[in-house]
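To be precise, the following lines are upload.txt, and they hold compact mmCIF, C-alpha atoms and all ligand atoms.
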```
# COMPACT_ATOMS: atom_id res chain seq x y z
CA MET A 1 91.36 146.26 80.47
CA SER A 2 92.76 142.91 81.64
CA LYS A 3 94.68 140.69 79.23
CA SER A 4 91.98 138.00 79.60
CA GLU A 5 88.94 140.11 78.76
CA ILE A 6 87.10 139.17 75.57
CA SER A 7 83.95 140.12 73.69
CA VAL A 8 81.42 137.58 72.51
CA GLY A 9 78.97 139.63 70.44
CA ARG A 10 77.47 142.23 72.79
CA THR A 11 78.80 140.44 75.87
CA VAL A 12 82.14 141.24 77.47
CA LEU A 13 83.51 138.31 79.47
CA LYS A 14 86.20 138.92 82.10
CA ASN A 15 87.93 135.87 80.65
CA PRO A 16 87.04 133.33 77.93
CA LEU A 17 86.64 130.33 80.23
CA ILE A 18 83.05 129.12 80.60
CA ALA A 19 81.83 126.25 82.75
CA GLY A 20 79.71 124.29 80.24
CA SER A 21 76.44 122.61 81.11
CA ALA A 22 76.31 119.16 82.76
CA GLU A 23 75.18 117.47 85.99
CA HIS A 24 77.54 119.39 88.31
CA LEU A 25 75.60 122.55 87.37
CA ILE A 26 72.16 121.24 88.37
CA GLU A 27 72.33 122.46 91.96
CA ALA A 28 72.82 126.12 92.87
CA ASP A 29 75.90 125.33 94.92
CA GLY A 30 77.58 123.68 91.95
CA VAL A 31 77.03 126.85 89.90
CA ARG A 32 78.30 128.99 92.78
CA ARG A 33 81.45 126.88 93.04
CA ALA A 34 82.13 127.34 89.33
CA LEU A 35 81.53 131.10 89.58
CA ARG A 36 83.88 131.35 92.55
CA ALA A 37 86.57 129.57 90.52
CA GLY A 38 86.73 132.79 88.52
CA VAL A 39 85.26 131.79 85.14
CA GLY A 40 83.74 134.37 82.83
CA ALA A 41 80.42 132.50 82.73
CA VAL A 42 78.62 129.32 83.76
CA VAL A 43 76.00 127.65 81.56
CA VAL A 44 73.58 125.94 83.94
CA LYS A 45 72.18 122.44 83.38
CA SER A 46 69.63 122.56 80.58
CA THR A 47 65.90 122.23 80.81
CA ASN A 48 62.84 122.00 78.58
CA GLU A 49 59.16 121.16 78.94
CA SER A 50 59.60 117.41 78.54
CA GLU A 51 58.79 115.22 81.55
CA ARG A 52 60.55 112.40 79.72
CA GLY A 53 63.71 114.50 79.74
CA ARG A 54 63.53 114.77 83.54
CA ASP A 55 62.78 111.08 83.80
CA GLN A 56 65.75 110.38 81.56
CA LEU A 57 68.11 112.02 84.08
CA GLN A 58 66.97 109.51 86.69
CA ARG A 59 67.75 106.70 84.23
CA ALA A 60 71.09 108.22 83.22
CA GLU A 61 74.25 106.16 83.48
CA TYR A 62 77.85 107.23 83.19
CA MET A 63 81.14 105.46 82.71
CA LEU A 64 84.77 106.31 82.25
CA LEU A 65 86.93 104.52 79.67
CA ASP A 66 90.65 104.31 79.06
CA GLU A 67 92.51 104.31 75.74
CA ALA A 68 91.91 100.54 75.36
CA TRP A 69 88.13 101.01 75.70
CA ARG A 70 88.12 99.44 79.17
CA GLU A 71 85.99 100.77 81.97
CA ILE A 72 88.08 102.45 84.66
CA PRO A 73 87.12 103.81 88.10
CA TRP A 74 85.27 107.10 88.22
CA THR A 75 87.73 109.14 90.26
CA PRO A 76 88.99 112.73 90.02
CA ASP A 77 92.55 111.48 89.53
CA ALA A 78 91.67 109.31 86.54
CA PRO A 79 94.37 109.47 83.82
CA ALA A 80 94.33 112.40 81.40
CA THR A 81 93.31 110.02 78.59
CA ALA A 82 90.13 108.96 80.41
CA PHE A 83 86.91 109.90 78.67
CA MET A 84 83.23 109.81 79.45
CA ALA A 85 80.46 107.80 77.83
CA CYS A 86 76.93 108.32 79.11
CA ARG A 87 73.22 108.77 78.65
CA SER A 88 72.21 112.01 80.27
CA GLY A 89 68.87 113.78 80.79
CA LEU A 90 67.55 117.20 81.69
CA THR A 91 67.56 119.02 85.01
CA PRO A 92 65.20 117.34 87.49
CA GLN A 93 63.70 120.64 88.70
CA SER A 94 60.41 122.02 87.39
CA PHE A 95 60.86 124.79 84.82
CA GLU A 96 59.64 127.35 87.37
CA ALA A 97 62.12 126.22 90.05
CA TRP A 98 64.96 126.08 87.51
CA LEU A 99 64.09 129.58 86.28
CA GLU A 100 63.97 131.08 89.76
CA GLN A 101 67.28 129.43 90.71
CA THR A 102 69.02 130.47 87.49
CA ALA A 103 67.81 134.09 87.71
CA GLN A 104 69.08 134.32 91.31
CA LEU A 105 72.43 132.80 90.23
CA ASP A 106 72.79 135.35 87.45
CA VAL A 107 72.32 138.15 89.99
CA GLU A 108 75.08 136.58 92.09
CA ALA A 109 77.22 136.10 88.98
CA LYS A 110 76.87 139.78 88.08
CA ALA A 111 78.40 140.73 91.42
CA LEU A 112 81.42 138.64 90.38
CA ASP A 113 81.53 140.28 86.95
CA ALA A 114 80.40 136.97 85.44
CA TYR A 115 77.24 135.41 83.99
CA ALA A 116 74.97 132.51 84.84
CA ILE A 117 73.60 131.56 81.44
CA ALA A 118 70.22 129.90 80.93
CA SER A 119 70.20 126.81 78.73
CA LEU A 120 67.21 125.41 76.86
CA ILE A 121 67.23 122.25 74.78
CA VAL A 122 64.64 122.32 72.02
CA ALA A 123 61.93 119.65 72.07
CA ASP A 124 58.67 121.38 71.02
CA LEU A 125 59.52 124.72 69.38
CA ALA A 126 56.42 126.62 70.55
CA GLN A 127 57.22 125.62 74.13
CA THR A 128 60.87 126.62 73.66
CA VAL A 129 59.78 130.06 72.48
CA ALA A 130 57.47 130.46 75.47
CA MET A 131 60.25 129.40 77.87
CA ALA A 132 62.76 131.72 76.18
CA LYS A 133 60.41 134.66 76.82
CA GLN A 134 60.17 133.71 80.48
CA VAL A 135 63.97 133.45 80.67
CA GLU A 136 64.24 137.02 79.45
CA GLN A 137 61.43 138.26 81.70
CA ALA A 138 63.16 136.70 84.72
CA GLY A 139 66.10 139.04 84.08
CA LEU A 140 68.56 136.50 82.73
CA ARG A 141 71.14 138.16 80.52
CA ILE A 142 72.09 135.38 78.07
CA LEU A 143 70.30 132.32 76.66
CA GLU A 144 72.12 129.32 75.21
CA LEU A 145 69.89 127.23 72.95
CA ASN A 146 71.07 123.66 72.47
CA ILE A 147 69.91 122.12 69.19
CA GLY A 148 72.87 119.75 68.88
CA THR A 149 72.59 117.08 71.59
CA PRO A 150 73.90 113.64 70.64
CA TYR A 151 70.69 111.90 71.67
CA ALA A 152 67.71 112.86 69.48
CA SER A 153 67.69 109.59 67.52
CA GLN A 154 67.62 107.63 70.78
CA ALA A 155 65.23 109.88 72.71
CA LYS A 156 62.69 111.10 70.16
CA GLY A 157 60.77 114.26 71.02
CA VAL A 158 62.85 114.88 74.16
CA VAL A 159 65.87 116.70 72.72
CA SER A 160 67.07 117.79 69.29
CA THR A 161 70.01 117.04 67.01
CA GLU A 162 69.45 119.46 64.14
CA LEU A 163 71.47 118.64 61.02
CA ASP A 164 69.58 120.63 58.40
CA PRO A 165 70.59 124.31 58.04
CA GLU A 166 67.05 125.26 57.04
CA ARG A 167 65.65 123.83 60.25
CA VAL A 168 68.36 125.61 62.22
CA THR A 169 67.31 128.92 60.63
CA MET A 170 63.65 128.23 61.36
CA ILE A 171 64.26 127.32 65.03
CA VAL A 172 66.72 130.10 65.79
CA SER A 173 64.53 132.72 64.03
CA ALA A 174 61.53 131.75 66.13
CA VAL A 175 63.48 132.15 69.38
CA ARG A 176 65.28 135.28 68.18
CA GLN A 177 61.99 136.99 67.39
CA ALA A 178 60.73 136.26 70.89
CA ILE A 179 63.62 137.73 72.90
CA GLY A 180 66.13 140.57 72.81
CA ILE A 181 68.93 139.19 75.01
CA PRO A 182 72.04 137.59 73.48
CA LEU A 183 71.19 134.19 72.02
CA TRP A 184 73.99 131.62 71.77
CA VAL A 185 73.25 128.55 69.66
CA LYS A 186 74.91 125.22 70.46
CA ILE A 187 75.10 123.02 67.38
CA SER A 188 75.94 119.41 66.62
CA GLY A 189 79.32 118.25 65.35
CA GLN A 190 77.81 115.11 63.83
CA SER A 191 77.64 116.63 60.40
CA GLU A 192 79.95 117.38 57.53
CA ARG A 193 78.19 120.73 57.35
CA VAL A 194 79.06 122.26 60.72
CA PRO A 195 80.02 125.64 59.16
CA ASP A 196 76.69 125.63 57.28
CA LEU A 197 74.80 124.94 60.50
CA ALA A 198 76.70 127.81 62.13
CA ALA A 199 75.96 130.10 59.17
CA ALA A 200 72.26 129.25 59.45
CA ALA A 201 72.28 130.08 63.17
CA PHE A 202 73.96 133.45 62.58
CA ARG A 203 71.64 134.24 59.66
CA ALA A 204 68.68 133.72 61.94
CA GLY A 205 70.05 136.12 64.55
CA GLY A 206 72.16 133.88 66.77
CA GLU A 207 74.80 136.06 68.40
CA ALA A 208 77.37 133.31 68.96
CA VAL A 209 77.59 129.67 67.95
CA VAL A 210 78.85 127.02 70.34
CA MET A 211 80.51 124.13 68.49
CA ALA A 212 80.20 121.30 68.64
CA GLY A 213 78.08 118.92 70.71
CA ARG A 214 79.28 115.42 71.60
CA SER A 215 78.73 112.46 69.30
CA LEU A 216 76.65 109.35 69.56
CA GLY A 217 78.78 106.24 70.01
CA PHE A 218 78.39 102.54 70.70
CA ILE A 219 80.98 100.53 72.63
CA PRO A 220 80.78 96.71 72.85
CA ASP A 221 82.17 95.10 76.01
CA VAL A 222 84.39 92.20 74.86
CA GLU A 223 83.84 90.30 78.13
CA THR A 224 80.05 90.34 78.27
CA MET A 225 79.64 90.81 74.49
CA ALA A 226 76.90 93.32 75.31
CA PRO A 227 76.92 97.09 74.68
CA PHE A 228 78.41 99.11 77.54
CA LEU A 229 75.49 100.56 79.53
CA GLY A 230 73.07 98.78 77.18
CA THR A 231 72.55 101.51 74.58
CA SER A 232 74.27 103.88 72.22
CA LEU A 233 75.93 106.59 74.30
CA GLY A 234 77.02 110.20 74.14
CA VAL A 235 80.81 110.23 73.82
CA GLY A 236 83.44 112.92 73.89
CA GLY A 237 86.85 113.45 75.43
CA TYR A 238 90.31 114.86 75.03
CA TRP A 239 90.52 113.14 71.62
CA ASN A 240 87.76 115.34 70.28
CA LEU A 241 89.86 118.52 70.53
CA PRO A 242 91.26 118.32 66.98
CA LEU A 243 87.76 117.84 65.56
CA THR A 244 86.42 120.86 67.42
CA CYS A 245 89.44 122.91 66.32
CA HIS A 246 88.88 121.89 62.71
CA TRP A 247 85.25 122.99 62.81
CA LEU A 248 86.23 126.28 64.43
CA ALA A 249 88.85 126.97 61.75
CA ALA A 250 86.56 125.91 58.91
CA SER A 251 83.68 127.99 60.27
CA ARG A 252 85.91 131.05 60.73
CA GLN A 253 87.09 130.70 57.15
CA GLN A 254 83.54 130.39 55.82
CA LEU A 255 81.88 133.03 58.02
CA GLY A 256 84.67 135.55 58.53
CA PRO A 257 86.42 136.65 61.73
CA ASP A 258 83.58 138.74 63.17
CA LYS A 259 81.16 135.89 63.90
CA PRO A 260 81.83 134.82 67.51
CA LEU A 261 82.43 131.10 67.93
CA ILE A 262 82.55 129.30 71.28
CA ALA A 263 84.36 125.98 71.64
CA THR A 264 82.99 122.92 73.39
CA ASN A 265 84.13 119.30 73.33
CA GLY A 266 87.63 118.30 74.31
CA VAL A 267 89.03 120.95 76.67
CA GLN A 268 90.89 119.58 79.70
CA ASN A 269 93.13 122.50 80.74
CA GLY A 270 94.28 126.04 80.04
CA LEU A 271 96.45 125.17 77.06
CA ASP A 272 93.53 123.32 75.46
CA ALA A 273 91.57 126.56 75.82
CA VAL A 274 94.44 128.34 74.05
CA ARG A 275 94.32 125.72 71.27
CA MET A 276 90.61 126.30 70.75
CA MET A 277 91.12 130.07 70.62
CA LEU A 278 93.98 129.81 68.14
CA ALA A 279 91.56 127.76 66.02
CA GLY A 280 89.00 130.57 66.13
CA ALA A 281 87.03 130.41 69.39
CA SER A 282 86.34 133.64 71.29
CA ALA A 283 85.43 131.66 74.40
CA VAL A 284 85.77 128.08 75.55
CA GLU A 285 83.42 125.81 77.48
CA MET A 286 84.65 123.04 79.76
CA SER A 287 82.19 120.43 80.98
CA SER A 288 83.01 116.75 81.54
CA ALA A 289 86.51 117.38 82.97
CA VAL A 290 84.91 119.57 85.65
CA MET A 291 82.12 117.09 86.38
CA LEU A 292 84.70 114.32 86.84
CA ARG A 293 87.55 116.11 88.56
CA GLY A 294 85.84 118.99 90.36
CA THR A 295 85.81 122.76 90.23
CA SER A 296 89.55 123.03 90.84
CA VAL A 297 89.96 122.05 87.17
CA LEU A 298 88.42 125.42 86.26
CA SER A 299 90.73 127.44 88.48
CA SER A 300 93.81 125.60 87.26
CA ALA A 301 92.69 125.95 83.62
CA LEU A 302 92.31 129.67 84.20
CA GLU A 303 95.73 129.86 85.80
CA GLY A 304 97.29 127.93 82.91
CA PHE A 305 95.54 130.17 80.39
CA GLU A 306 96.66 133.37 82.08
CA ALA A 307 100.23 132.10 82.47
CA TYR A 308 100.28 131.44 78.71
CA LEU A 309 99.10 135.00 77.93
CA GLN A 310 101.77 136.33 80.24
CA ARG A 311 104.51 134.16 78.73
CA LYS A 312 103.58 135.16 75.17
CA GLY A 313 102.88 138.81 76.03
CA ILE A 314 99.54 138.59 74.23
CA THR A 315 95.90 139.27 75.11
CA ALA A 316 93.08 136.73 74.90
CA ALA A 317 91.51 138.71 72.06
CA GLU A 318 94.75 138.59 70.07
CA LEU A 319 94.78 134.77 70.18
CA VAL A 320 91.51 134.29 68.34
CA GLY A 321 92.01 132.57 65.00
CA VAL A 322 95.80 133.02 64.77
CA ALA A 323 96.38 129.38 63.77
CA ALA A 324 93.18 129.19 61.73
CA ASP A 325 94.26 132.13 59.60
CA GLN A 326 97.52 130.38 58.70
CA ARG A 327 95.74 127.19 57.61
CA LYS A 328 96.69 126.21 54.06
CA THR A 329 95.18 123.78 51.59
CA PHE A 330 97.01 120.56 50.72
CA ALA A 331 97.74 121.93 47.27
CA ASP A 332 99.64 124.87 48.80
CA MET A 333 102.20 122.55 50.34
CA PRO A 334 105.66 121.91 48.81
CA LEU A 335 106.54 118.70 47.03
CA ARG A 336 108.19 116.15 49.35
CA THR A 337 108.96 113.21 47.08
CA ASP A 338 108.94 109.80 48.84
CA ASN A 339 108.58 111.48 52.25
CA TRP A 340 105.96 108.84 53.08
CA LYS A 341 108.60 106.12 53.23
CA LYS A 342 109.97 107.49 56.52
CA TYR A 343 106.70 106.73 58.18
CA VAL A 344 106.16 103.05 57.26
CA ALA A 345 107.48 100.78 60.02
CA ASP A 346 108.33 97.86 57.75
CA ILE A 347 110.39 99.82 55.25
CA GLU A 348 114.04 99.41 56.23
CA GLN A 349 116.06 102.47 57.14
CA GLY A 350 118.52 101.96 54.25
CA SER A 351 115.75 101.95 51.70
CA ARG A 352 114.11 104.95 53.45
CA GLU A 353 117.26 106.98 52.91
CA LYS A 354 117.47 106.21 49.21
C1 LIG B 1 77.00 114.10 81.68
C2 LIG B 1 76.83 115.21 80.71
C3 LIG B 1 75.70 116.02 80.76
C4 LIG B 1 75.53 117.07 79.86
N1 LIG B 1 74.42 117.83 79.93
C5 LIG B 1 74.25 118.89 79.09
C6 LIG B 1 73.12 119.72 79.17
O1 LIG B 1 72.24 119.57 79.99
N2 LIG B 1 73.04 120.75 78.28
C7 LIG B 1 73.98 121.01 77.33
O2 LIG B 1 73.86 121.95 76.56
N3 LIG B 1 75.08 120.21 77.24
C8 LIG B 1 75.23 119.17 78.09
N4 LIG B 1 76.35 118.38 77.99
C9 LIG B 1 77.35 118.66 76.96
C10 LIG B 1 78.49 119.50 77.51
O3 LIG B 1 78.06 120.79 77.88
C11 LIG B 1 79.65 119.63 76.48
O4 LIG B 1 79.17 120.28 75.32
C12 LIG B 1 80.24 118.30 76.10
O5 LIG B 1 80.39 117.46 77.23
C13 LIG B 1 81.60 118.44 75.42
O6 LIG B 1 82.49 119.23 76.18
P1 LIG B 1 83.58 118.63 77.21
O7 LIG B 1 84.60 117.91 76.40
O8 LIG B 1 84.13 119.84 77.90
O9 LIG B 1 82.85 117.74 78.15
C14 LIG B 1 76.52 117.32 78.89
C15 LIG B 1 77.66 116.51 78.83
C16 LIG B 1 77.83 115.48 79.73
C17 LIG B 1 79.07 114.64 79.65
```

Before we go any further, please render this structure as structure tokens.
Ligand SMILES: Cc1cc2nc3c(=O)[nH]c(=O)nc-3n(C[C@H](O)[C@H](O)[C@H](O)COP(=O)(O)O)c2cc1C
Amino acid sequence: MSKSEISVGRTVLKNPLIAGSAEHLIEADGVRRALRAGVGAVVVKSTNESERGRDQLQRAEYMLLDEAWREIPWTPDAPATAFMACRSGLTPQSFEAWLEQTAQLDVEAKALDAYAIASLIVADLAQTVAMAKQVEQAGLRILELNIGTPYASQAKGVVSTELDPERVTMIVSAVRQAIGIPLWVKISGQSERVPDLAAAAFRAGGEAVVMAGRSLGFIPDVETMAPFLGTSLGVGGYWNLPLTCHWLAASRQQLGPDKPLIATNGVQNGLDAVRMMLAGASAVEMSSAVMLRGTSVLSSALEGFEAYLQRKGITAAELVGVAADQRKTFADMPLRTDNWKKYVADIEQGSREK
């Protein structure tokens, strides 16, 4: 067994790195490139029955911002602090064409000891259930169900942002009852109840929970005084890593160590993947960094991840939750009287030392 191998429910991945769904995984060649980079799995660009979702892709707009909220050029060598704001849509292919392509890619993935994972975004539940059955019948080995997009409030009826655990249970149960293959559920992070949403997904038969989807943001342009790209936007970036890690750790604490969690939102490189695993993830998805900078980001992340395992003499499986399980509560921490004074710029050094 290689040091990188890891189990996610019934699925054994050759390594925990997963190329997460976005525009670079619409075309078969994009998926093939990601598979050839050596990842354990690729989640293809999502689909559903909604024509408006397809139309939305053709109206999609994307921008890159720096740490001062200024637009910067969209180039692969953009600074590490660059992050993406956008309005995205669903794959432009028909469901039938998407299904045929994805099934073929999963056959090719199998030959590389990897997976091409189907991805459905819920709009109408009955249609989702029907599509899930077809995904299984086409021979696909894993389905990721996205119920946590940032956009539902801005694109009603096209995608979902489920924030109520009872609705999560209802949706996941309906899909679970329709298929036997592993079902991974991607949930929203725009909630103070992320662990409850995860619990609801597991209760309903989800085999892994992917946390957590990007957030909805709004960025005024100080020059034009208008919103960037005209609307609220999906936002995420390197700065989201601590939030994802928190939800992983909190979910692990609430659900126990045997409920597989998958990280998404904030991974830029191999050490970020390590961070997510230490926080409790069994596998880690990487999306916008790959869309922006190209597939080489996946191979270098994998290299960085494996070099870390080597350096620490540890296996991927042994990383999962190590930091999360050492997390204390504030009340557990020792008294540090007046420690705060060291951190206030305007308090003079002499008085800090008193
Ligand atoms: C342009 C764009 C398109 C995306 N499309 C999808 C999609 O079709 N299905 C899906 O489940 N997630 C989609 N996502 C979300 C990503 O898979 C991922 O969860 C999110 O970008 C956070 O991870 P990251 O920091 O690695 O980008 C998209 C994200 C972006 C930026």

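With distances taken over all atoms listed in the file, A:Ala212 is the one residue among A:Ala289, A:Val42, A:Ala212, A:Ala226 lying closest to Met276 of chain A.
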
Neighbours of ligand LIG 1 (chain B) at 8 Å or closer, counting all atoms listed in the file: which residues, as a PyMOL selection string? chain A and resi 20-23+43-47+62+84-91+119-121+144-146+149+186+211-214+234-238+240-241+264-268+285-291

Compile the contact shell of Ala123 of chain A as a PDB file with C-alpha atoms, keeping the file's coordinate frame: residues with an atom at most 8 Å away, counting all atoms listed in the file, same-chain residues fewer than 2 positions apart removed.
```pdb
ATOM      1  CA  ASN A  48      62.840 122.000  78.580  1.00  0.00           C
ATOM      2  CA  GLU A  49      59.160 121.160  78.940  1.00  0.00           C
ATOM      3  CA  SER A  50      59.600 117.410  78.540  1.00  0.00           C
ATOM      4  CA  ILE A 121      67.230 122.250  74.780  1.00  0.00           C
ATOM      5  CA  LEU A 125      59.520 124.720  69.380  1.00  0.00           C
ATOM      6  CA  GLN A 127      57.220 125.620  74.130  1.00  0.00           C
ATOM      7  CA  THR A 128      60.870 126.620  73.660  1.00  0.00           C
ATOM      8  CA  GLY A 157      60.770 114.260  71.020  1.00  0.00           C
ATOM      9  CA  VAL A 158      62.850 114.880  74.160  1.00  0.00           C
ATOM     10  CA  VAL A 159      65.870 116.700  72.720  1.00  0.00           C
ATOM     11  CA  SER A 160      67.070 117.790  69.290  1.00  0.00           C
TER      12      SER A 160
END
```

Could you tell me which of A:Ile187, A:Met63, A:Ala199, A:Ala331 comes closest to Ile262 of chain A if we count all atoms listed in the file? A:Ile187

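A straight line drawn from atom CA of Leu243 of chain A to atom CA of Pro195 of chain A is 12.7 Å long.
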
Set the distance at 10 Å and use only C-alpha atoms: which residues neighbour Ser296 of chain A once local chain neighbours fewer than 5 positions away are removed? I'd like the list as a VMD selection string. chain A and resid 33 to 34 37 290 301 to 302

Shortest contact to Arg203 of chain A, candidates A:Ala323, A:Val107, A:Ala126, A:Met170, atoms counted all atoms listed in the file, goes to A:Met170

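Counting all atoms listed in the file, Ser232 of chain A has the following residues at most 7 Å away, ignoring those fewer than 6 positions along the same chain: Leu216, Gly217 and Phe218 of chain A.
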
The selected residues should be written to file as a CSV table (one decimal), in the coordinates of the input (atoms: C-alpha atoms).
```
chain,number,residue,atom,x,y,z
A,216,LEU,CA,76.6,109.4,69.6
A,217,GLY,CA,78.8,106.2,70.0
A,218,PHE,CA,78.4,102.5,70.7
```

Mind pulling up the distance from atom CA of Leu292 of chain A to atom CA of Asp77 of chain A?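 These atoms are spaced 8.8 Å apart.
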
Which value, in Å to one decimal, gives the distance between atom CA of Val222 of chain A and atom CA of Trp69 of chain A?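 So the two atoms, atom CA of Val222 of chain A and atom CA of Trp69 of chain A, lie 9.6 Å apart.
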
Mind checking which residues fall within 12 Å of Gly205 of chain A, counting all atoms listed in the file, ignoring those fewer than 2 positions away in the same chain, and posting them as a PDB file with C-alpha atoms, in the frame of the given file?
```
ATOM      1  CA  GLY A   9      78.970 139.630  70.440  1.00  0.00           C
ATOM      2  CA  VAL A 168      68.360 125.610  62.220  1.00  0.00           C
ATOM      3  CA  THR A 169      67.310 128.920  60.630  1.00  0.00           C
ATOM      4  CA  MET A 170      63.650 128.230  61.360  1.00  0.00           C
ATOM      5  CA  ILE A 171      64.260 127.320  65.030  1.00  0.00           C
ATOM      6  CA  VAL A 172      66.720 130.100  65.790  1.00  0.00           C
ATOM      7  CA  SER A 173      64.530 132.720  64.030  1.00  0.00           C
ATOM      8  CA  ALA A 174      61.530 131.750  66.130  1.00  0.00           C
ATOM      9  CA  VAL A 175      63.480 132.150  69.380  1.00  0.00           C
ATOM     10  CA  ARG A 176      65.280 135.280  68.180  1.00  0.00           C
ATOM     11  CA  GLN A 177      61.990 136.990  67.390  1.00  0.00           C
ATOM     12  CA  ALA A 178      60.730 136.260  70.890  1.00  0.00           C
ATOM     13  CA  ILE A 179      63.620 137.730  72.900  1.00  0.00           C
ATOM     14  CA  GLY A 180      66.130 140.570  72.810  1.00  0.00           C
ATOM     15  CA  ILE A 181      68.930 139.190  75.010  1.00  0.00           C
ATOM     16  CA  PRO A 182      72.040 137.590  73.480  1.00  0.00           C
ATOM     17  CA  LEU A 183      71.190 134.190  72.020  1.00  0.00           C
ATOM     18  CA  TRP A 184      73.990 131.620  71.770  1.00  0.00           C
ATOM     19  CA  VAL A 185      73.250 128.550  69.660  1.00  0.00           C
ATOM     20  CA  ALA A 198      76.700 127.810  62.130  1.00  0.00           C
ATOM     21  CA  ALA A 199      75.960 130.100  59.170  1.00  0.00           C
ATOM     22  CA  ALA A 200      72.260 129.250  59.450  1.00  0.00           C
ATOM     23  CA  ALA A 201      72.280 130.080  63.170  1.00  0.00           C
ATOM     24  CA  PHE A 202      73.960 133.450  62.580  1.00  0.00           C
ATOM     25  CA  ARG A 203      71.640 134.240  59.660  1.00  0.00           C
ATOM     26  CA  GLU A 207      74.800 136.060  68.400  1.00  0.00           C
ATOM     27  CA  ALA A 208      77.370 133.310  68.960  1.00  0.00           C
ATOM     28  CA  VAL A 209      77.590 129.670  67.950  1.00  0.00           C
ATOM     29  CA  LYS A 259      81.160 135.890  63.900  1.00  0.00           C
TER      30      LYS A 259
END
```

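For the choices A:Leu99, A:Val344, A:Val39, A:Ala68, the atom-to-atom distance to Phe305 of chain A is smallest for A:Val39 when using all atoms listed in the file.
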
Hey, which of A:Asp113, A:Glu192, A:Glu166, A:Asp66 ends up closest to Leu13 of chain A? Count all atoms listed in the file.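 Using all atoms listed in the file, the shortest distance to Leu13 of chain A belongs to A:Asp113.
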
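Here the question is which of A:Val320, A:Ile72, A:Val194, A:Ala97 gets nearest to Ile6 of chain A using all atoms listed in the file, and that residue is A:Val320.
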
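Within 8 Å of the point (86.0, 132.7, 85.8), and counting only C-alpha atoms, the protein, DNA and RNA residues are Lys14, Asn15, Pro16, Leu17, Ile18, Ala34, Leu35, Arg36, Ala37, Gly38, Val39, Gly40, Ala41, Ala114, Leu298, Ser299 and Leu302 of chain A.
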